[in-house]
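File shown: input-v7.pdb. Contents: PDB, C-alpha atoms and all ligand atoms.
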ATOM      1  CA  MET A   1      49.862 -41.855  43.418
ATOM      2  CA  ARG A   2      48.308 -41.933  39.954
ATOM      3  CA  GLU A   3      44.891 -43.490  40.677
ATOM      4  CA  SER A   4      43.462 -40.987  43.159
ATOM      5  CA  VAL A   5      44.982 -38.020  41.336
ATOM      6  CA  LEU A   6      43.684 -39.082  37.921
ATOM      7  CA  ASP A   7      40.266 -39.735  39.389
ATOM      8  CA  THR A   8      40.128 -36.213  40.880
ATOM      9  CA  ALA A   9      41.444 -34.648  37.654
ATOM     10  CA  GLU A  10      38.677 -36.425  35.744
ATOM     11  CA  ARG A  11      35.985 -35.220  38.173
ATOM     12  CA  ILE A  12      37.276 -31.646  37.843
ATOM     13  CA  LYS A  13      37.279 -31.912  34.037
ATOM     14  CA  ARG A  14      33.667 -33.172  34.038
ATOM     15  CA  LEU A  15      32.632 -30.241  36.337
ATOM     16  CA  GLU A  16      31.588 -32.657  39.079
ATOM     17  CA  VAL A  17      33.748 -30.342  41.148
ATOM     18  CA  GLN A  18      33.256 -26.734  40.029
ATOM     19  CA  GLY A  19      34.285 -23.261  41.110
ATOM     20  CA  ALA A  20      37.899 -22.229  41.637
ATOM     21  CA  ARG A  21      37.918 -22.804  45.409
ATOM     22  CA  ASN A  22      36.372 -26.251  45.266
ATOM     23  CA  VAL A  23      38.707 -27.218  42.430
ATOM     24  CA  ALA A  24      41.770 -26.117  44.422
ATOM     25  CA  ILE A  25      40.571 -27.907  47.558
ATOM     26  CA  ALA A  26      39.910 -31.147  45.656
ATOM     27  CA  ALA A  27      43.303 -30.937  43.938
ATOM     28  CA  ILE A  28      45.229 -30.369  47.176
ATOM     29  CA  LYS A  29      43.390 -33.255  48.836
ATOM     30  CA  ALA A  30      44.202 -35.487  45.862
ATOM     31  CA  ILE A  31      47.907 -34.594  46.110
ATOM     32  CA  GLU A  32      47.851 -35.319  49.836
ATOM     33  CA  GLU A  33      46.077 -38.638  49.379
ATOM     34  CA  GLY A  34      48.292 -39.544  46.416
ATOM     35  CA  ALA A  35      51.420 -38.800  48.459
ATOM     36  CA  LYS A  36      50.242 -41.180  51.174
ATOM     37  CA  GLU A  37      49.849 -43.935  48.557
ATOM     38  CA  SER A  38      53.321 -43.332  47.111
ATOM     39  CA  THR A  39      55.576 -46.332  46.583
ATOM     40  CA  ALA A  40      58.631 -44.159  45.877
ATOM     41  CA  GLY A  41      61.830 -45.254  47.588
ATOM     42  CA  ARG A  42      63.786 -42.007  47.304
ATOM     43  CA  LYS A  43      63.164 -38.263  47.410
ATOM     44  CA  GLU A  44      63.811 -37.833  43.661
ATOM     45  CA  GLU A  45      61.259 -40.525  42.791
ATOM     46  CA  PHE A  46      58.746 -38.943  45.157
ATOM     47  CA  LEU A  47      59.274 -35.531  43.531
ATOM     48  CA  LYS A  48      58.836 -37.094  40.095
ATOM     49  CA  GLU A  49      55.499 -38.589  41.204
ATOM     50  CA  LEU A  50      54.420 -35.217  42.593
ATOM     51  CA  SER A  51      55.361 -33.544  39.338
ATOM     52  CA  GLU A  52      53.281 -36.054  37.322
ATOM     53  CA  ALA A  53      50.343 -35.491  39.671
ATOM     54  CA  LYS A  54      50.741 -31.740  39.201
ATOM     55  CA  GLU A  55      50.674 -32.051  35.405
ATOM     56  CA  ALA A  56      47.514 -34.202  35.478
ATOM     57  CA  LEU A  57      45.705 -31.771  37.766
ATOM     58  CA  PHE A  58      46.883 -28.647  35.905
ATOM     59  CA  ALA A  59      45.566 -30.162  32.658
ATOM     60  CA  SER A  60      42.103 -30.711  34.152
ATOM     61  CA  ARG A  61      41.146 -27.020  33.833
ATOM     62  CA  GLU A  62      43.194 -24.279  32.246
ATOM     63  CA  THR A  63      41.984 -21.161  34.007
ATOM     64  CA  GLU A  64      42.560 -22.099  37.665
ATOM     65  CA  PRO A  65      45.549 -20.261  39.190
ATOM     66  CA  LEU A  66      44.360 -20.914  42.762
ATOM     67  CA  MET A  67      44.800 -24.644  42.128
ATOM     68  CA  ARG A  68      48.188 -24.053  40.480
ATOM     69  CA  ASN A  69      49.407 -21.787  43.292
ATOM     70  CA  ALA A  70      48.291 -24.320  45.899
ATOM     71  CA  ILE A  71      49.960 -27.318  44.258
ATOM     72  CA  ARG A  72      53.191 -25.453  43.507
ATOM     73  CA  HIS A  73      53.291 -24.270  47.127
ATOM     74  CA  VAL A  74      53.088 -27.859  48.423
ATOM     75  CA  ILE A  75      55.684 -29.203  45.980
ATOM     76  CA  HIS A  76      58.033 -26.315  46.702
ATOM     77  CA  ALA A  77      57.892 -27.170  50.416
ATOM     78  CA  VAL A  78      58.962 -30.743  49.609
ATOM     79  CA  GLU A  79      61.771 -29.545  47.325
ATOM     80  CA  LYS A  80      63.257 -27.255  49.907
ATOM     81  CA  SER A  81      62.738 -29.616  52.855
ATOM     82  CA  ASP A  82      65.939 -30.993  54.354
ATOM     83  CA  LYS A  83      64.172 -34.299  55.027
ATOM     84  CA  GLU A  84      65.269 -37.205  52.853
ATOM     85  CA  SER A  85      63.017 -40.146  53.748
ATOM     86  CA  VAL A  86      59.799 -40.472  51.727
ATOM     87  CA  ARG A  87      57.809 -41.134  54.916
ATOM     88  CA  GLU A  88      58.898 -37.766  56.346
ATOM     89  CA  LEU A  89      58.260 -36.008  53.032
ATOM     90  CA  VAL A  90      54.712 -37.388  52.970
ATOM     91  CA  GLY A  91      54.385 -35.703  56.373
ATOM     92  CA  VAL A  92      55.569 -32.415  54.833
ATOM     93  CA  VAL A  93      52.898 -32.687  52.104
ATOM     94  CA  SER A  94      50.213 -33.317  54.735
ATOM     95  CA  GLN A  95      51.316 -30.496  56.975
ATOM     96  CA  VAL A  96      51.625 -27.877  54.190
ATOM     97  CA  SER A  97      48.352 -28.972  52.563
ATOM     98  CA  SER A  98      46.421 -28.771  55.834
ATOM     99  CA  GLN A  99      47.857 -25.337  56.554
ATOM    100  CA  PHE A 100      46.920 -24.149  53.066
ATOM    101  CA  LEU A 101      43.352 -25.413  53.437
ATOM    102  CA  GLU A 102      43.017 -23.834  56.880
ATOM    103  CA  ASP A 103      44.255 -20.476  55.541
ATOM    104  CA  LEU A 104      41.837 -20.725  52.622
ATOM    105  CA  GLU A 105      38.969 -21.325  55.031
ATOM    106  CA  ARG A 106      40.046 -18.380  57.167
ATOM    107  CA  SER A 107      40.173 -16.157  54.065
ATOM    108  CA  LYS A 108      36.647 -17.219  53.117
ATOM    109  CA  GLU A 109      35.326 -16.215  56.535
ATOM    110  CA  LYS A 110      37.220 -12.921  56.493
ATOM    111  CA  ILE A 111      35.815 -12.141  53.037
ATOM    112  CA  ALA A 112      32.293 -12.898  54.289
ATOM    113  CA  ALA A 113      32.767 -10.637  57.312
ATOM    114  CA  VAL A 114      33.927  -7.727  55.126
ATOM    115  CA  GLY A 115      31.567  -8.231  52.193
ATOM    116  CA  SER A 116      28.400  -8.817  54.201
ATOM    117  CA  LYS A 117      28.643  -5.196  55.385
ATOM    118  CA  ARG A 118      28.021  -4.107  51.798
ATOM    119  CA  ILE A 119      24.702  -5.978  51.699
ATOM    120  CA  LEU A 120      22.192  -3.420  52.856
ATOM    121  CA  ASN A 121      18.726  -4.002  54.228
ATOM    122  CA  ARG A 122      15.966  -4.133  51.614
ATOM    123  CA  SER A 123      18.496  -4.323  48.800
ATOM    124  CA  ARG A 124      18.631  -6.485  45.691
ATOM    125  CA  VAL A 125      21.858  -8.250  44.802
ATOM    126  CA  LEU A 126      22.651  -9.792  41.432
ATOM    127  CA  THR A 127      25.187 -12.555  40.941
ATOM    128  CA  HIS A 128      26.388 -14.616  37.981
ATOM    129  CA  CYS A 129      27.298 -18.315  37.917
ATOM    130  CA  HIS A 130      28.098 -20.130  41.180
ATOM    131  CA  SER A 131      30.849 -18.851  43.438
ATOM    132  CA  SER A 132      31.114 -20.523  46.846
ATOM    133  CA  THR A 133      32.877 -17.394  48.123
ATOM    134  CA  VAL A 134      29.937 -15.226  47.043
ATOM    135  CA  THR A 135      27.244 -17.548  48.401
ATOM    136  CA  ASN A 136      29.091 -17.837  51.726
ATOM    137  CA  MET A 137      29.176 -14.037  51.978
ATOM    138  CA  LEU A 138      25.457 -13.720  51.180
ATOM    139  CA  ARG A 139      24.614 -16.430  53.741
ATOM    140  CA  LYS A 140      26.573 -14.478  56.352
ATOM    141  CA  ALA A 141      24.626 -11.298  55.557
ATOM    142  CA  LYS A 142      21.382 -13.246  55.955
ATOM    143  CA  LEU A 143      22.545 -14.724  59.281
ATOM    144  CA  GLU A 144      23.285 -11.199  60.464
ATOM    145  CA  GLY A 145      19.583 -10.466  59.988
ATOM    146  CA  LYS A 146      19.739  -8.442  56.774
ATOM    147  CA  SER A 147      16.706  -8.628  54.545
ATOM    148  CA  PHE A 148      17.647  -8.626  50.863
ATOM    149  CA  ASP A 149      16.912 -10.659  47.796
ATOM    150  CA  VAL A 150      19.134 -12.231  45.200
ATOM    151  CA  VAL A 151      18.816 -12.360  41.430
ATOM    152  CA  CYS A 152      20.906 -15.077  39.820
ATOM    153  CA  THR A 153      21.578 -15.810  36.200
ATOM    154  CA  GLU A 154      21.193 -19.305  34.809
ATOM    155  CA  SER A 155      24.797 -19.248  33.583
ATOM    156  CA  ARG A 156      24.591 -21.155  30.353
ATOM    157  CA  PRO A 157      25.740 -23.520  29.061
ATOM    158  CA  VAL A 158      25.801 -25.723  32.170
ATOM    159  CA  PHE A 159      23.499 -23.794  34.525
ATOM    160  CA  GLN A 160      25.706 -23.242  37.579
ATOM    161  CA  GLY A 161      23.202 -20.482  38.458
ATOM    162  CA  ARG A 162      20.838 -23.224  39.565
ATOM    163  CA  ILE A 163      23.349 -24.271  42.225
ATOM    164  CA  THR A 164      23.424 -20.659  43.441
ATOM    165  CA  ALA A 165      19.627 -20.458  43.413
ATOM    166  CA  LYS A 166      19.273 -23.654  45.471
ATOM    167  CA  GLU A 167      21.892 -22.529  47.993
ATOM    168  CA  MET A 168      20.218 -19.155  48.397
ATOM    169  CA  LEU A 169      16.781 -20.708  48.895
ATOM    170  CA  ASP A 170      18.253 -23.144  51.441
ATOM    171  CA  ALA A 171      19.622 -20.138  53.311
ATOM    172  CA  GLY A 172      16.134 -18.615  53.400
ATOM    173  CA  ILE A 173      16.985 -15.837  50.937
ATOM    174  CA  GLU A 174      14.317 -14.710  48.468
ATOM    175  CA  THR A 175      15.724 -15.640  45.057
ATOM    176  CA  THR A 176      14.864 -14.976  41.413
ATOM    177  CA  LEU A 177      16.426 -16.857  38.512
ATOM    178  CA  ILE A 178      16.792 -15.117  35.136
ATOM    179  CA  VAL A 179      18.244 -16.110  31.778
ATOM    180  CA  ASP A 180      21.671 -14.628  31.119
ATOM    181  CA  SER A 181      20.390 -12.328  28.408
ATOM    182  CA  ALA A 182      17.936 -10.691  30.860
ATOM    183  CA  VAL A 183      20.696  -9.100  32.933
ATOM    184  CA  ARG A 184      20.358  -5.641  31.391
ATOM    185  CA  TYR A 185      16.570  -5.817  31.626
ATOM    186  CA  PHE A 186      16.823  -6.204  35.412
ATOM    187  CA  MET A 187      19.924  -4.113  36.107
ATOM    188  CA  ASN A 188      18.038  -0.944  37.026
ATOM    189  CA  GLU A 189      16.288  -2.826  39.832
ATOM    190  CA  VAL A 190      19.577  -4.071  41.271
ATOM    191  CA  ASP A 191      21.558  -2.281  44.032
ATOM    192  CA  LEU A 192      24.748  -4.302  43.896
ATOM    193  CA  VAL A 193      26.439  -6.913  41.708
ATOM    194  CA  VAL A 194      28.777  -9.472  43.281
ATOM    195  CA  VAL A 195      30.655 -12.101  41.307
ATOM    196  CA  GLY A 196      33.455 -14.542  42.048
ATOM    197  CA  ALA A 197      36.777 -14.901  40.259
ATOM    198  CA  ASP A 198      38.825 -17.652  38.705
ATOM    199  CA  ALA A 199      41.865 -15.534  38.053
ATOM    200  CA  ILE A 200      43.156 -12.042  38.809
ATOM    201  CA  THR A 201      45.894 -10.615  36.604
ATOM    202  CA  SER A 202      48.776  -8.318  37.561
ATOM    203  CA  GLU A 203      46.876  -5.408  35.972
ATOM    204  CA  GLY A 204      43.875  -6.041  38.202
ATOM    205  CA  ASN A 205      41.662  -7.535  35.514
ATOM    206  CA  VAL A 206      39.440 -10.402  36.595
ATOM    207  CA  ILE A 207      38.618 -13.631  34.782
ATOM    208  CA  ASN A 208      35.336 -15.277  35.737
ATOM    209  CA  LYS A 209      32.525 -17.300  34.151
ATOM    210  CA  ILE A 210      31.714 -16.391  30.566
ATOM    211  CA  GLY A 211      29.254 -13.497  30.554
ATOM    212  CA  THR A 212      30.713 -11.757  33.613
ATOM    213  CA  SER A 213      32.164  -8.939  31.504
ATOM    214  CA  MET A 214      28.735  -8.337  29.944
ATOM    215  CA  VAL A 215      27.184  -8.160  33.415
ATOM    216  CA  ALA A 216      29.894  -5.626  34.334
ATOM    217  CA  LEU A 217      29.113  -3.588  31.238
ATOM    218  CA  ALA A 218      25.415  -3.481  32.088
ATOM    219  CA  ALA A 219      26.258  -2.571  35.705
ATOM    220  CA  LYS A 220      28.491   0.306  34.589
ATOM    221  CA  GLU A 221      25.816   1.664  32.281
ATOM    222  CA  ALA A 222      23.245   1.564  35.099
ATOM    223  CA  ARG A 223      25.774   2.917  37.639
ATOM    224  CA  THR A 224      25.291  -0.178  39.767
ATOM    225  CA  PRO A 225      28.335  -1.017  41.919
ATOM    226  CA  PHE A 226      30.114  -4.147  40.683
ATOM    227  CA  TYR A 227      32.274  -6.070  43.168
ATOM    228  CA  VAL A 228      34.495  -9.111  42.759
ATOM    229  CA  VAL A 229      34.568 -11.416  45.787
ATOM    230  CA  SER A 230      37.766 -13.430  45.806
ATOM    231  CA  GLU A 231      40.738 -14.791  47.694
ATOM    232  CA  LEU A 232      43.960 -13.021  46.695
ATOM    233  CA  LEU A 233      45.520 -16.377  45.839
ATOM    234  CA  LYS A 234      43.554 -16.404  42.587
ATOM    235  CA  PHE A 235      46.217 -13.993  41.388
ATOM    236  CA  ASP A 236      48.140 -15.556  38.516
ATOM    237  CA  PRO A 237      51.850 -14.725  38.860
ATOM    238  CA  VAL A 238      52.621 -15.513  35.200
ATOM    239  CA  THR A 239      50.682 -12.409  34.166
ATOM    240  CA  ILE A 240      53.322 -10.178  35.734
ATOM    241  CA  HIS A 241      55.822 -11.599  33.235
ATOM    242  CA  GLY A 242      53.575 -10.674  30.315
ATOM    243  CA  ASP A 243      51.776 -13.970  29.795
ATOM    244  CA  TYR A 244      48.048 -13.799  29.177
ATOM    245  CA  GLU A 245      45.745 -15.875  31.356
ATOM    246  CA  ARG A 246      44.619 -18.755  29.178
ATOM    247  CA  ILE A 247      40.872 -19.090  28.717
ATOM    248  CA  GLU A 248      39.564 -22.628  28.766
ATOM    249  CA  GLU A 249      37.425 -23.595  25.770
ATOM    250  CA  ARG A 250      35.062 -26.428  26.585
ATOM    251  CA  SER A 251      33.273 -29.004  24.467
ATOM    252  CA  SER A 252      30.681 -27.732  21.996
ATOM    253  CA  SER A 253      28.313 -30.464  23.214
ATOM    254  CA  GLU A 254      27.698 -28.378  26.357
ATOM    255  CA  VAL A 255      26.077 -25.796  24.074
ATOM    256  CA  TRP A 256      24.235 -28.125  21.698
ATOM    257  CA  ALA A 257      24.545 -31.886  22.044
ATOM    258  CA  ASP A 258      23.122 -32.704  18.626
ATOM    259  CA  PRO A 259      23.822 -29.753  16.308
ATOM    260  CA  PRO A 260      23.185 -29.687  12.542
ATOM    261  CA  SER A 261      26.290 -30.585  10.563
ATOM    262  CA  GLY A 262      28.458 -27.707   9.376
ATOM    263  CA  LEU A 263      27.645 -25.514  12.373
ATOM    264  CA  THR A 264      30.537 -23.934  14.263
ATOM    265  CA  ILE A 265      29.976 -23.764  18.005
ATOM    266  CA  ARG A 266      32.368 -21.920  20.322
ATOM    267  CA  ASN A 267      32.286 -22.438  24.070
ATOM    268  CA  PRO A 268      34.791 -20.360  26.064
ATOM    269  CA  ALA A 269      34.259 -20.972  29.783
ATOM    270  CA  PHE A 270      35.485 -17.588  31.047
ATOM    271  CA  ASP A 271      35.962 -13.974  30.014
ATOM    272  CA  VAL A 272      37.980 -10.985  31.167
ATOM    273  CA  THR A 273      36.441  -8.074  33.040
ATOM    274  CA  ARG A 274      38.725  -5.090  32.877
ATOM    275  CA  ARG A 275      39.583  -3.336  36.116
ATOM    276  CA  GLU A 276      37.822  -0.085  35.178
ATOM    277  CA  PHE A 277      34.503  -1.934  35.519
ATOM    278  CA  ILE A 278      35.311  -3.165  39.018
ATOM    279  CA  HIS A 279      34.449  -1.005  42.057
ATOM    280  CA  GLY A 280      36.512  -3.183  44.323
ATOM    281  CA  ILE A 281      37.804  -6.649  45.075
ATOM    282  CA  ILE A 282      36.440  -7.963  48.352
ATOM    283  CA  CYS A 283      39.245 -10.151  49.647
ATOM    284  CA  GLU A 284      40.807 -11.367  52.908
ATOM    285  CA  GLU A 285      42.665  -8.041  53.220
ATOM    286  CA  GLY A 286      39.455  -6.012  52.984
ATOM    287  CA  ILE A 287      38.016  -4.155  49.999
ATOM    288  CA  ILE A 288      40.851  -3.232  47.677
ATOM    289  CA  SER A 289      41.214  -1.449  44.382
ATOM    290  CA  PRO A 290      42.088  -3.789  41.496
ATOM    291  CA  HIS A 291      45.080  -1.461  40.896
ATOM    292  CA  SER A 292      46.733  -2.538  44.142
ATOM    293  CA  ILE A 293      46.686  -6.273  43.529
ATOM    294  CA  SER A 294      50.365  -6.843  42.640
ATOM    295  CA  GLU A 295      51.634  -4.780  45.552
ATOM    296  CA  LEU A 296      49.324  -6.568  47.983
ATOM    297  CA  ILE A 297      50.332  -9.996  46.700
ATOM    298  CA  SER A 298      54.030  -9.120  47.064
ATOM    299  CA  ARG A 299      53.404  -8.126  50.668
ATOM    300  CA  LYS A 300      51.049 -10.914  51.729
ATOM    301  CA  TYR A 301      52.042 -13.916  49.599
ATOM    302  CA  PRO A 302      55.624 -13.304  48.395
ATOM    303  CA  TRP A 303      56.126 -17.078  47.937
ATOM    304  CA  ILE A 304      53.802 -16.944  44.896
ATOM    305  CA  PHE A 305      56.637 -15.408  42.864
ATOM    306  CA  GLU A 306      59.164 -18.008  44.034
ATOM    307  CA  VAL A 307      57.202 -21.059  43.036
ATOM    308  CA  THR A 308      56.183 -20.317  39.442
TER     309      THR A 308
HETATM  310  C1  LIG B 401      32.742 -21.043  38.300
HETATM  311  C2  LIG B 401      32.992 -19.571  38.386
HETATM  312  C3  LIG B 401      33.071 -18.967  39.766
HETATM  313  C4  LIG B 401      34.536 -18.885  40.202
HETATM  314  C5  LIG B 401      34.662 -18.542  41.671
HETATM  315  O1  LIG B 401      32.968 -21.554  37.002
HETATM  316  O2  LIG B 401      33.194 -18.881  37.405
HETATM  317  O3  LIG B 401      32.544 -17.679  39.792
HETATM  318  O4  LIG B 401      35.181 -20.127  39.986
HETATM  319  O5  LIG B 401      34.131 -19.562  42.461
HETATM  320  P1  LIG B 401      32.900 -23.153  36.776
HETATM  321  P2  LIG B 401      34.605 -19.757  43.977
HETATM  322  O6  LIG B 401      31.575 -23.626  37.251
HETATM  323  O7  LIG B 401      33.133 -23.325  35.316
HETATM  324  O8  LIG B 401      34.027 -23.759  37.599
HETATM  325  O9  LIG B 401      34.296 -18.467  44.669
HETATM  326  O10 LIG B 401      33.806 -20.908  44.491
HETATM  327  O11 LIG B 401      36.059 -20.023  43.957
END
Before we go any further, please render this structure as structure tokens.
Amino acid sequence: MRESVLDTAERIKRLEVQGARNVAIAAIKAIEEGAKESTAGRKEEFLKELSEAKEALFASRETEPLMRNAIRHVIHAVEKSDKESVRELVGVVSQVSSQFLEDLERSKEKIAAVGSKRILNRSRVLTHCHSSTVTNMLRKAKLEGKSFDVVCTESRPVFQGRITAKEMLDAGIETTLIVDSAVRYFMNEVDLVVVGADAITSEGNVINKIGTSMVALAAKEARTPFYVVSELLKFDPVTIHGDYERIEERSSSEVWADPPSGLTIRNPAFDVTRREFIHGIICEEGIISPHSISELISRKYPWIFEVT
């Protein structure tokens, strides 16, 4: 199981796969593929392999609860399965993984259907970084015939905003790219801000690409509605027990490859936007208040609390 899992973990670490959704999808597929390659003879050995795979994937990026929820869900299904033969348990992994991926896809489409209604004709929408959930929603609005334009930030240090810009242009949407520090300069011309999420805490705070909280601050000052577009499964159940979501700190070389000696460079990948800055979370259950997140998760995905 190790080879394919380690390879995926490495690609995630290097950002060859980026964005919480894509990371979770790649991780689930790696677990499924790894399970098929298993040489384990007994259920306990198979579970040990799955646990090692889990650790390798969890270590690839720190701030990715969707990936953690997905992997724990699959492993939990194997643990509680009454099947004993490894061949049958590989079948359980495949079946649960496929179902998870199908549900994730359905959520994405539901989110697009809800969120696209908030994109009004002749409006200007600002987004930060690259969220596949956000770009899918904007594409849907365009397909529905809305005319609007998108402003995207570069998203330093590794320029995921360029991915957003290319996707928007490919979808035929008029697009402007700005440097991150120009957000406030443009905010008064913007009708709506939409960003993705990496994690949602039990208090309804949202963790997303570094700089998101500054965009939210500028939006609040300009009274521009600020929406988070996200699957509910980005909720991190550990936050209900008091743990803080850990913020990944990446290599300083992403900021400056060849810095002068003695310089301290810090490179946190994400920051926290507090719920009072968020008008709503556009999710598969509709547009919800960040306050209602824990209650909604308990109702819709109660298994999240069982598998932590
Ligand atoms: C990507 C990022 C995205 C969220 C949501 O950061 O912050 O907004 O992951 O993306 P990075 P999605 O490039 O460091 O992974 O909606 O695709 O899950």
What does the PyMOL selection byres (((chain A and resi 130-146) around 8) and not hetatm) select in this file, as a PyMOL selection string? chain A and resi 19+21-22+108-109+111-113+115-117+119-122+128-129+147-148+160-161+163-164+167-168+171-173+194-197+229-230
Within 7 Å of A:Ala30 using only C-alpha atoms, minus same-chain residues under 4 positions, as a list in words: Ser4, Val5, Thr8, Ala26 and Gly34 of chain A
For the file shown, what are the residues hit by the PyMOL selection byres (((chain A and resi 306) around 10) and not hetatm), laid out as a PDB file with C-alpha atoms, in the coordinates of the input?
ATOM      1  CA  ARG A  72      53.191 -25.453  43.507  1.00  0.00           C
ATOM      2  CA  HIS A  73      53.291 -24.270  47.127  1.00  0.00           C
ATOM      3  CA  HIS A  76      58.033 -26.315  46.702  1.00  0.00           C
ATOM      4  CA  PRO A 237      51.850 -14.725  38.860  1.00  0.00           C
ATOM      5  CA  TYR A 301      52.042 -13.916  49.599  1.00  0.00           C
ATOM      6  CA  PRO A 302      55.624 -13.304  48.395  1.00  0.00           C
ATOM      7  CA  TRP A 303      56.126 -17.078  47.937  1.00  0.00           C
ATOM      8  CA  ILE A 304      53.802 -16.944  44.896  1.00  0.00           C
ATOM      9  CA  PHE A 305      56.637 -15.408  42.864  1.00  0.00           C
ATOM     10  CA  VAL A 307      57.202 -21.059  43.036  1.00  0.00           C
ATOM     11  CA  THR A 308      56.183 -20.317  39.442  1.00  0.00           C
TER      12      THR A 308
END
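Every protein, DNA or RNA residue with an atom at most 7 Å from A:Ile28, where only C-alpha atoms count and chain neighbours fewer than 6 positions away do not, is listed here: A:Ala70, A:Ile71, A:Ser97.
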Expand the PyMOL selection byres (((chain A and resi 75) around 12) and not hetatm) into the explicit residue set it covers here, and present it as a PDB file with C-alpha atoms, keeping the file's coordinate frame.
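The resulting part.pdb:
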ATOM      1  CA  ILE A  28      45.229 -30.369  47.176  1.00  0.00           C
ATOM      2  CA  ILE A  31      47.907 -34.594  46.110  1.00  0.00           C
ATOM      3  CA  GLU A  32      47.851 -35.319  49.836  1.00  0.00           C
ATOM      4  CA  ALA A  35      51.420 -38.800  48.459  1.00  0.00           C
ATOM      5  CA  LYS A  43      63.164 -38.263  47.410  1.00  0.00           C
ATOM      6  CA  PHE A  46      58.746 -38.943  45.157  1.00  0.00           C
ATOM      7  CA  LEU A  47      59.274 -35.531  43.531  1.00  0.00           C
ATOM      8  CA  LYS A  48      58.836 -37.094  40.095  1.00  0.00           C
ATOM      9  CA  GLU A  49      55.499 -38.589  41.204  1.00  0.00           C
ATOM     10  CA  LEU A  50      54.420 -35.217  42.593  1.00  0.00           C
ATOM     11  CA  SER A  51      55.361 -33.544  39.338  1.00  0.00           C
ATOM     12  CA  GLU A  52      53.281 -36.054  37.322  1.00  0.00           C
ATOM     13  CA  ALA A  53      50.343 -35.491  39.671  1.00  0.00           C
ATOM     14  CA  LYS A  54      50.741 -31.740  39.201  1.00  0.00           C
ATOM     15  CA  ARG A  68      48.188 -24.053  40.480  1.00  0.00           C
ATOM     16  CA  ASN A  69      49.407 -21.787  43.292  1.00  0.00           C
ATOM     17  CA  ALA A  70      48.291 -24.320  45.899  1.00  0.00           C
ATOM     18  CA  ILE A  71      49.960 -27.318  44.258  1.00  0.00           C
ATOM     19  CA  ARG A  72      53.191 -25.453  43.507  1.00  0.00           C
ATOM     20  CA  HIS A  73      53.291 -24.270  47.127  1.00  0.00           C
ATOM     21  CA  VAL A  74      53.088 -27.859  48.423  1.00  0.00           C
ATOM     22  CA  HIS A  76      58.033 -26.315  46.702  1.00  0.00           C
ATOM     23  CA  ALA A  77      57.892 -27.170  50.416  1.00  0.00           C
ATOM     24  CA  VAL A  78      58.962 -30.743  49.609  1.00  0.00           C
ATOM     25  CA  GLU A  79      61.771 -29.545  47.325  1.00  0.00           C
ATOM     26  CA  LYS A  80      63.257 -27.255  49.907  1.00  0.00           C
ATOM     27  CA  SER A  81      62.738 -29.616  52.855  1.00  0.00           C
ATOM     28  CA  LEU A  89      58.260 -36.008  53.032  1.00  0.00           C
ATOM     29  CA  VAL A  90      54.712 -37.388  52.970  1.00  0.00           C
ATOM     30  CA  VAL A  92      55.569 -32.415  54.833  1.00  0.00           C
ATOM     31  CA  VAL A  93      52.898 -32.687  52.104  1.00  0.00           C
ATOM     32  CA  SER A  94      50.213 -33.317  54.735  1.00  0.00           C
ATOM     33  CA  GLN A  95      51.316 -30.496  56.975  1.00  0.00           C
ATOM     34  CA  VAL A  96      51.625 -27.877  54.190  1.00  0.00           C
ATOM     35  CA  SER A  97      48.352 -28.972  52.563  1.00  0.00           C
ATOM     36  CA  GLU A 306      59.164 -18.008  44.034  1.00  0.00           C
ATOM     37  CA  VAL A 307      57.202 -21.059  43.036  1.00  0.00           C
ATOM     38  CA  THR A 308      56.183 -20.317  39.442  1.00  0.00           C
TER      39      THR A 308
END
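Residue nearest ligand LIG 401 (chain B), chosen from A:Thr201, A:Ser298, A:Asn267, A:Ser253 and counting all atoms listed in the file: A:Asn267.
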Which of A:Glu16, A:Asp180, A:Glu285, A:Asp191 sits closest to ligand LIG 401 (chain B) [using only C-alpha atoms and all ligand atoms]: A:Glu16
List the spatial neighbours of A:Leu104 as a VMD selection string - criterion: any atom at most 9 Å away, all atoms listed in the file, same-chain residues fewer than 3 positions off excluded. chain A and resid 21 25 99 to 101 107 to 109 231 233
What are the centre and edge lengths in Å, to one decimal, of the axis-aligned box around all listed atoms of ligand LIG 401 (chain B) with 5 Å added on each side, as AutoDock Vina command-line options?
--center_x 33.8 --center_y -20.7 --center_z 40.0 --size_x 14.5 --size_y 16.1 --size_z 19.4
Near A:Cys152, counting only C-alpha atoms, which residues have an atom at most 7 Å away, once you skip same-chain residues fewer than 5 positions from it, shown as a PyMOL selection string? chain A and resi 126-128+161+165+176-178
Mind checking which residues fall within 6 Å of A:Asp149, counting only C-alpha atoms, ignoring those fewer than 5 positions away in the same chain, and posting them as number ranges by chain? A: 124, 174-175
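The closest residue to ligand LIG 401 (chain B), picked from A:Glu37, A:Glu248, A:Glu295, A:Glu276 and counting all atoms listed in the file, is A:Glu248.
In terms of minimum interatomic distance to A:Pro157, A:Ile210 ranks closest within A:Ile210, A:Val238, A:Val23, A:Val193, counting all atoms listed in the file.
Counting all atoms listed in the file and comparing A:Arg11, A:Lys234, A:Arg118, A:Lys29, the residue that lies closest to ligand LIG 401 (chain B) is A:Lys234.
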With distances taken over all atoms listed in the file, the candidate from A:Pro268, A:Gly280, A:Gly91, A:Pro260 nearest ligand LIG 401 (chain B) is A:Pro268
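Within 6 Å of the point (38.9, -10.5, 39.0), and counting all atoms listed in the file, the protein, DNA and RNA residues are A:Ala197, A:Ala199, A:Ile200, A:Asn205, A:Val206, A:Ile207, A:Val228.
Atom pair atom CA of A:Glu203 / atom CA of A:Gly242: separated by 10.2 Å.
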One decimal, Å: what's the distance from atom CA of A:Thr39 over to atom CA of A:Glu88, could you say? 13.4 Å
Give me, please, the distance in Å between atom CA of A:Phe226 and atom CA of A:Phe277, quoted to one decimal. 7.1 Å
